[in-house]
Amino acid sequence: MSDFSFYLVTDPHYFDESFGRSGSAYEARSRTDQKCVAETPAILDAGFAQIAADRETRVILIPGDLVYRGEYQSHVGFRKRLYRLQEAGKKIYLITARHDYAENPCEFIGDRMVPVAGMERSDLRDFYREFGFDDAIAEHRESMSYVAQLAPGLRLLALNCDGDCKDFKGLWPEQLDWAVAQIQAAHAAGADHCDDPLPVAAVLGSDGSDR
């Protein structure tokens, strides 16, 4: 396998610029939350501009927590930025995570947290289907996990570990069995074509971690 490089963009927590983000309610949130929520549009635009300008690295991996608290409009704004990266020649593979579906989504106006429309978990796969899911060579639909071929000799195992979407965060036994089978299939495919097994890159999401 030739040299391969990629960008790993973790936990963007994008909060759309159309939402209120000032006042005492926002300041109270900021005292217990380290994320620069109000600044995420500017931060992402600056970071993505640097990535787009890099003509050597084509692949971008994003392991979930794409938006702040599952706001539908935040997903619209985030996906718009992904389309810009696609237009710049980038290939994006992502999975979603716990912050990406409705978790009391709101905006901040004065001293109030005002509810806004949220994204349902069942809608996430199709909403982001152009960023990994449509290219999957294997998929575990129940967990929204998949395998994709990143390059000759390199596969991506993208694992969503939302668990039961309530109390349990992690991989269910059936999902883990599927993942192990995919790793074995990757090694078998590599063994058929070269002396070394086919490498596998794994991305874990849902709890905001990556490996």
# chains A, B, ... in the order shown; residues from 1 in each chain; ligands from 1
>>> select_by_dssp(residues="chain A", states="helix (DSSP H, G or I)", output="PyMOL selection string")
chain A and resi 24-30+37-53+72-87+98-100+121-127+133-135+173-191
>>> write_last_selection(atoms="C-alpha atoms", output="CSV table (one decimal), in the first residue's frame")
chain,number,residue,atom,x,y,z
A,24,SER,CA,-27.6,35.3,30.6
A,25,ALA,CA,-28.9,31.9,29.5
A,26,TYR,CA,-25.9,31.4,27.2
A,27,GLU,CA,-23.5,32.7,29.8
A,28,ALA,CA,-24.9,30.2,32.4
A,29,ARG,CA,-24.4,27.4,29.9
A,30,SER,CA,-20.8,28.5,29.2
A,37,VAL,CA,-20.6,27.0,20.9
A,38,ALA,CA,-21.1,30.6,19.7
A,39,GLU,CA,-17.8,30.5,17.8
A,40,THR,CA,-18.3,27.1,16.0
A,41,PRO,CA,-19.3,28.6,12.6
A,42,ALA,CA,-16.2,30.7,12.5
A,43,ILE,CA,-14.0,27.9,13.9
A,44,LEU,CA,-15.2,25.3,11.4
A,45,ASP,CA,-15.1,27.7,8.4
A,46,ALA,CA,-11.5,28.5,9.2
A,47,GLY,CA,-10.5,24.9,9.8
A,48,PHE,CA,-12.3,23.6,6.7
A,49,ALA,CA,-10.7,26.3,4.6
A,50,GLN,CA,-7.3,25.1,5.5
A,51,ILE,CA,-8.3,21.5,4.8
A,52,ALA,CA,-9.8,22.5,1.4
A,53,ALA,CA,-6.5,24.2,0.5
A,72,TYR,CA,-32.1,20.2,12.8
A,73,GLN,CA,-30.9,23.6,11.4
A,74,SER,CA,-27.4,23.0,12.7
A,75,HIS,CA,-27.3,19.8,10.7
A,76,VAL,CA,-28.4,21.8,7.6
A,77,GLY,CA,-25.6,24.3,8.2
A,78,PHE,CA,-23.0,21.6,8.9
A,79,ARG,CA,-23.9,19.6,5.8
A,80,LYS,CA,-23.7,22.7,3.7
A,81,ARG,CA,-20.1,23.0,4.8
A,82,LEU,CA,-19.4,19.4,3.9
A,83,TYR,CA,-20.7,20.0,0.4
A,84,ARG,CA,-18.2,22.8,0.1
A,85,LEU,CA,-15.4,20.3,1.0
A,86,GLN,CA,-16.7,17.9,-1.6
A,87,GLU,CA,-16.6,20.6,-4.2
A,98,ARG,CA,-25.3,11.0,20.8
A,99,HIS,CA,-25.3,14.8,20.3
A,100,ASP,CA,-26.6,14.5,16.8
A,121,ARG,CA,-32.0,9.7,14.9
A,122,SER,CA,-33.9,7.6,12.4
A,123,ASP,CA,-33.3,10.4,9.8
A,124,LEU,CA,-29.6,10.8,10.3
A,125,ARG,CA,-28.3,8.1,7.9
A,126,ASP,CA,-30.2,9.3,4.9
A,127,PHE,CA,-29.5,13.0,5.7
A,133,PHE,CA,-23.0,5.4,3.9
A,134,ASP,CA,-23.5,5.3,0.1
A,135,ASP,CA,-20.0,4.1,-0.4
A,173,PRO,CA,-22.8,-8.1,21.2
A,174,GLU,CA,-24.4,-8.6,17.8
A,175,GLN,CA,-22.8,-5.3,16.6
A,176,LEU,CA,-19.5,-6.4,17.9
A,177,ASP,CA,-19.8,-9.8,16.2
A,178,TRP,CA,-20.4,-7.9,13.0
A,179,ALA,CA,-17.4,-5.7,13.5
A,180,VAL,CA,-15.1,-8.7,14.2
A,181,ALA,CA,-16.4,-10.4,11.0
A,182,GLN,CA,-15.6,-7.3,9.0
A,183,ILE,CA,-12.1,-7.2,10.3
A,184,GLN,CA,-11.6,-10.8,9.5
A,185,ALA,CA,-13.0,-10.2,6.0
A,186,ALA,CA,-10.6,-7.3,5.5
A,187,HIS,CA,-7.6,-9.4,6.5
A,188,ALA,CA,-8.7,-12.3,4.3
A,189,ALA,CA,-9.1,-9.9,1.3
A,190,GLY,CA,-5.6,-8.6,2.0
A,191,ALA,CA,-4.1,-12.0,2.3
>>> select_by_dssp(residues="range 70-190 of chain A", states="strand (DSSP E or B)", output="PyMOL selection string")
chain A and resi 71+91-95+106-109+112-115+118+138-140+145-151+154-159+162+170
>>> atom_distance(atom1="CA of Met113 in chain A", atom2="CA of Lys169 in chain A")
27.2 Å
>>> residues_around(residues="Glu103 in chain A", least_positions_apart="3", cutoff="10 Å", atoms="only C-alpha atoms", output="MDAnalysis selection string")
chainID A and resid 68:71 98:100 106 118:120
>>> residues_around(residues="range 141-145 of chain A", least_positions_apart="2", cutoff="7 Å", atoms="only C-alpha atoms", output="list in words")
Arg125, Glu139, Ala158, Leu159 and Asn160 of chain A
>>> atom_distance(atom1="CA of Asp167 in chain A", atom2="CA of Ala117 in chain A")
23.3 Å
>>> residues_around(residues="Thr10 in chain A", least_positions_apart="4", cutoff="7 Å", atoms="only C-alpha atoms", output="ChimeraX atom specification")
/A:62-64
>>> residues_around(residues="Ile92 in chain A", least_positions_apart="5", cutoff="7 Å", atoms="only C-alpha atoms", output="NGL selection string")
:A and (59-61 or 131-132)
>>> write_last_selection(atoms="N, CA and C atoms", output="PDB file, in the first residue's frame")
ATOM      1  N   VAL A  59      -8.888  12.608   2.003  1.00  0.00           N
ATOM      2  CA  VAL A  59      -9.889  11.950   2.850  1.00  0.00           C
ATOM      3  C   VAL A  59     -10.042  12.679   4.182  1.00  0.00           C
ATOM      4  N   ILE A  60     -11.300  12.824   4.616  1.00  0.00           N
ATOM      5  CA  ILE A  60     -11.627  13.422   5.908  1.00  0.00           C
ATOM      6  C   ILE A  60     -12.504  12.444   6.677  1.00  0.00           C
ATOM      7  N   LEU A  61     -12.137  12.142   7.923  1.00  0.00           N
ATOM      8  CA  LEU A  61     -12.923  11.267   8.792  1.00  0.00           C
ATOM      9  C   LEU A  61     -13.510  12.109   9.921  1.00  0.00           C
ATOM     10  N   PHE A 131     -21.936  10.907   2.666  1.00  0.00           N
ATOM     11  CA  PHE A 131     -20.666  11.048   3.371  1.00  0.00           C
ATOM     12  C   PHE A 131     -20.283   9.743   4.070  1.00  0.00           C
ATOM     13  N   GLY A 132     -20.212   8.689   3.273  1.00  0.00           N
ATOM     14  CA  GLY A 132     -19.762   7.392   3.761  1.00  0.00           C
ATOM     15  C   GLY A 132     -20.755   6.270   3.564  1.00  0.00           C
TER      16      GLY A 132
END
>>> atom_distance(atom1="CA of Lys35 in chain A", atom2="CA of Asp65 in chain A")
11.9 Å
>>> closest_residue(among="A:Tyr93, A:Val116, A:Asp54, A:Ser22", to="Val9 in chain A", atoms="only C-alpha atoms")
A:Tyr93
